[in-house]
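Below is one structure, written out as structure tokens; comments come after it.
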Amino acid sequence: MKQYAIISDIHGNALALAAVLKDIKARNIETIINLGDYFFGALEPEATADLLRAAPMICISGNTDREILESFTKKSEKADMERVVADLSDLSINWLKMLPNTTTVDDLIFVCHGTPESDNEYLLEKVTQYGVFVYNDEELIAKTTHIKERIILCGHSHVNRVVYLSNNKIILNPGSVGLPAYLGNGEYRFAMESMTPHAKYAIITVDGNAISIEQINCAYDWVAASQQAKAHGNANAAKFLLYGRMPKDLRV
């Protein structure tokens, strides 16, 4: 039997990451797989980097990790980017440069941030003018037909989901360690909500051909995290951290 802890989308929330790593250690899980989006956000980028350096894990790059690197050659439109980059050490920046976009683990698990082809698209969710929906079985099989591994990991949406496909494959999104909700503004305005303020991660247990998946909602001091975001001038993130869902004043 082997266990894997799956984490994603920390977004600089060192308080949440510390709680998750403590919980993983208490369960004696040695293999951690991290799906990216480590530092960008309203909280503590370099403090998050310090925690990551102290905890060996398998890591890939997320969209905001790429955008941090791109900000050195072109101006970012993200409001928090300048503060995040200023806080990060050269060691942390160089670490981001070394990360792959995807990877595989033990010939069983395929790892990506968004989709296998893009770090900025959703693998499981379809955003429409009527809301956010999960792709049906046929669509997901078509989107992952080239992946031979049985378990497919994705992040990016921050919503924890497990989808079992009719071809015996499993797609897992562990949710977000550090940002349980956010407001999307692509072609359509939409909300991604995990519905609780907990730090989310997942545990995969493999015992022969049997695969068990447990979604973990880990308590931490989200009030303190919310206050940090507010102090850094991000009132929306402060609300998302506190509730894990969209407050009434943003539901327009």
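Identifiers in the structure tokens: chain A, B, ... in order shown; residue index from 1 per chain; ligand index from 1 in order shown.
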
Could you give me, as CSV, a per-residue list for range 75-136 of chain A showing, wherever an atom lies at most 6 Å from an atom of range 61-70 of chain A, the closest pair of atoms and their distance in Å to one decimal, using only C-alpha atoms and sorting by chain then residue number from low to high?
residue,atom,partner,partner_atom,distance
A:Leu99,CA,A:Ser61,CA,5.4
A:Pro100,CA,A:Ser61,CA,5.9
A:Asn101,CA,A:Ser61,CA,5.2
A:His113,CA,A:Gly62,CA,5.4
A:Asp119,CA,A:Asn63,CA,5.0
A:Asn120,CA,A:Asn63,CA,5.6

Can you spit out the residues from that selection as an mmCIF file, in the first residue's frame, using N, CA, C and O atoms?
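Below you can see selection.cif, which holds the result:
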data_model
loop_
_atom_site.group_PDB
_atom_site.id
_atom_site.type_symbol
_atom_site.label_atom_id
_atom_site.label_comp_id
_atom_site.auth_asym_id
_atom_site.auth_seq_id
_atom_site.Cartn_x
_atom_site.Cartn_y
_atom_site.Cartn_z
ATOM 1 N N LEU A 99 10.872 24.475 -12.571
ATOM 2 C CA LEU A 99 9.708 23.592 -12.457
ATOM 3 C C LEU A 99 9.188 23.155 -13.828
ATOM 4 O O LEU A 99 9.069 23.967 -14.749
ATOM 5 N N PRO A 100 8.831 21.878 -13.976
ATOM 6 C CA PRO A 100 8.214 21.414 -15.230
ATOM 7 C C PRO A 100 6.748 21.797 -15.286
ATOM 8 O O PRO A 100 6.131 22.106 -14.251
ATOM 9 N N ASN A 101 6.168 21.780 -16.471
ATOM 10 C CA ASN A 101 4.740 22.083 -16.616
ATOM 11 C C ASN A 101 3.862 20.907 -16.211
ATOM 12 O O ASN A 101 2.742 21.099 -15.713
ATOM 13 N N HIS A 113 -1.381 21.302 -13.886
ATOM 14 C CA HIS A 113 -2.007 22.355 -13.082
ATOM 15 C C HIS A 113 -3.422 22.645 -13.566
ATOM 16 O O HIS A 113 -4.371 22.631 -12.780
ATOM 17 N N ASP A 119 -1.780 25.658 -18.583
ATOM 18 C CA ASP A 119 -1.845 25.899 -17.140
ATOM 19 C C ASP A 119 -2.944 26.889 -16.772
ATOM 20 O O ASP A 119 -3.176 27.169 -15.598
ATOM 21 N N ASN A 120 -3.638 27.417 -17.789
ATOM 22 C CA ASN A 120 -4.615 28.477 -17.539
ATOM 23 C C ASN A 120 -6.033 28.097 -17.982
ATOM 24 O O ASN A 120 -6.879 28.957 -18.152
#

Using DSSP on the backbone coordinates, identify the residues of range 27-194 of chain A assigned to helix (DSSP H, G or I); present them as a VMD selection string. chain A and resid 45 to 53 63 to 70 81 to 87 90 to 97 137 to 143

With C-alpha atoms kept, could you save the residues just selected as a CSV table (one decimal), in the first residue's frame?
chain,number,residue,atom,x,y,z
A,45,PRO,CA,5.1,34.6,-0.7
A,46,GLU,CA,8.6,34.1,0.8
A,47,ALA,CA,7.3,32.6,4.0
A,48,THR,CA,5.5,30.1,1.9
A,49,ALA,CA,8.7,29.4,0.0
A,50,ASP,CA,10.6,28.8,3.2
A,51,LEU,CA,8.0,26.1,4.2
A,52,LEU,CA,8.2,24.5,0.8
A,53,ARG,CA,12.0,24.3,1.0
A,63,ASN,CA,-0.2,29.7,-14.2
A,64,THR,CA,0.7,32.3,-11.6
A,65,ASP,CA,4.2,30.8,-11.2
A,66,ARG,CA,4.7,31.3,-15.0
A,67,GLU,CA,3.2,34.9,-14.7
A,68,ILE,CA,5.6,35.8,-11.9
A,69,LEU,CA,8.5,34.9,-14.2
A,70,GLU,CA,6.9,36.7,-17.1
A,81,MET,CA,2.2,41.1,-8.6
A,82,GLU,CA,4.7,43.9,-7.7
A,83,ARG,CA,4.5,43.2,-4.0
A,84,VAL,CA,4.8,39.4,-4.5
A,85,VAL,CA,7.9,39.7,-6.7
A,86,ALA,CA,9.5,42.2,-4.3
A,87,ASP,CA,9.0,39.7,-1.4
A,90,ASP,CA,16.4,35.1,-5.8
A,91,LEU,CA,16.4,31.5,-4.5
A,92,SER,CA,12.6,31.3,-4.8
A,93,ILE,CA,12.6,32.9,-8.3
A,94,ASN,CA,15.3,30.5,-9.5
A,95,TRP,CA,13.3,27.5,-8.1
A,96,LEU,CA,10.3,28.6,-10.1
A,97,LYS,CA,12.4,28.6,-13.3
A,137,ASP,CA,-18.0,11.7,-19.1
A,138,GLU,CA,-17.5,11.6,-22.9
A,139,GLU,CA,-16.0,15.1,-22.9
A,140,LEU,CA,-13.5,14.3,-20.2
A,141,ILE,CA,-12.5,11.0,-21.8
A,142,ALA,CA,-11.9,12.9,-25.0
A,143,LYS,CA,-9.8,15.6,-23.2

Tell me, which residues of range 116-204 of chain A carry DSSP strand (DSSP E or B), written as number ranges by chain? A: 125-128, 131-134, 151-153, 161-164, 170-173, 181-185, 189-193, 199-204

Could you list, as a count of residues only, every residue within 12 Å of Thr144 in chain A, counting only C-alpha atoms and ignoring same-chain residues fewer than 6 positions away? 21

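Proximity to Tyr220 in chain A was assessed for A:Ile109, A:Ala5, A:Ala237, A:Val177 counting only C-alpha atoms; the smallest distance is recorded for A:Val177.
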
Leu179 in chain A proximity check over A:Ala191, A:Leu241, A:Ile211, A:Val163, using only C-alpha atoms: winner is A:Leu241

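CA of Ser226 in chain A is positioned 28.4 Å from CA of Glu187 in chain A.
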
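Counting only C-alpha atoms and comparing A:Ile204, A:Ala219, A:Leu172, A:Ala235, the residue that lies closest to Leu17 in chain A is A:Ala219.
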
Neighbour list for range 199-201 of chain A as a ChimeraX atom specification, cut-off 12 Å, only C-alpha atoms, skip fewer than 6 positions in-chain: /A:4-11,13-24,32-35,153-155,158-162,172-181,213-222,225,241-244

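Nearest to Thr196 in chain A of all the residues A:Leu88, A:Val134, A:Met246, A:Ala210 is A:Met246, based on only C-alpha atoms.
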
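Across the model, the gap from CA of Glu44 in chain A to CA of Gly12 in chain A is 4.8 Å.
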
Do a neighbour search on Asp80 in chain A at 10 Å with only C-alpha atoms, toss out local chain neighbours closer than 3 positions, and write the hits as a PyMOL selection string. chain A and resi 40-43+76-77+83-85+232-234

Kindly export the residues of the current selection with C-alpha atoms, as a PDB file, in the first residue's frame.
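The resulting file, again34.pdb, is reproduced below:
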ATOM      1  CA  PHE A  40       0.993  34.785  -5.966  1.00  0.00           C
ATOM      2  CA  GLY A  41      -1.733  36.356  -3.837  1.00  0.00           C
ATOM      3  CA  ALA A  42      -2.412  38.769  -1.005  1.00  0.00           C
ATOM      4  CA  LEU A  43      -0.451  36.975   1.710  1.00  0.00           C
ATOM      5  CA  SER A  76       1.719  42.390 -15.193  1.00  0.00           C
ATOM      6  CA  GLU A  77      -1.902  43.516 -14.935  1.00  0.00           C
ATOM      7  CA  ARG A  83       4.452  43.214  -3.980  1.00  0.00           C
ATOM      8  CA  VAL A  84       4.777  39.443  -4.502  1.00  0.00           C
ATOM      9  CA  VAL A  85       7.882  39.731  -6.691  1.00  0.00           C
ATOM     10  CA  HIS A 232      -2.117  44.174   2.059  1.00  0.00           C
ATOM     11  CA  GLY A 233      -5.009  46.035   0.422  1.00  0.00           C
ATOM     12  CA  ASN A 234      -6.932  43.074  -1.019  1.00  0.00           C
TER      13      ASN A 234
END

Residue nearest Asp106 in chain A among A:Gln3, A:Asn236, A:Ala54, A:Ser71 (counting only C-alpha atoms): A:Gln3

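Of the listed residues A:Val223, A:Met98, A:Met192, A:Val105, the one whose atoms come nearest to Val127 in chain A is A:Met192, with distances taken using only C-alpha atoms.
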
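Coordinates place CA of Asn185 in chain A at a distance of 14.0 Å from CA of Tyr130 in chain A.
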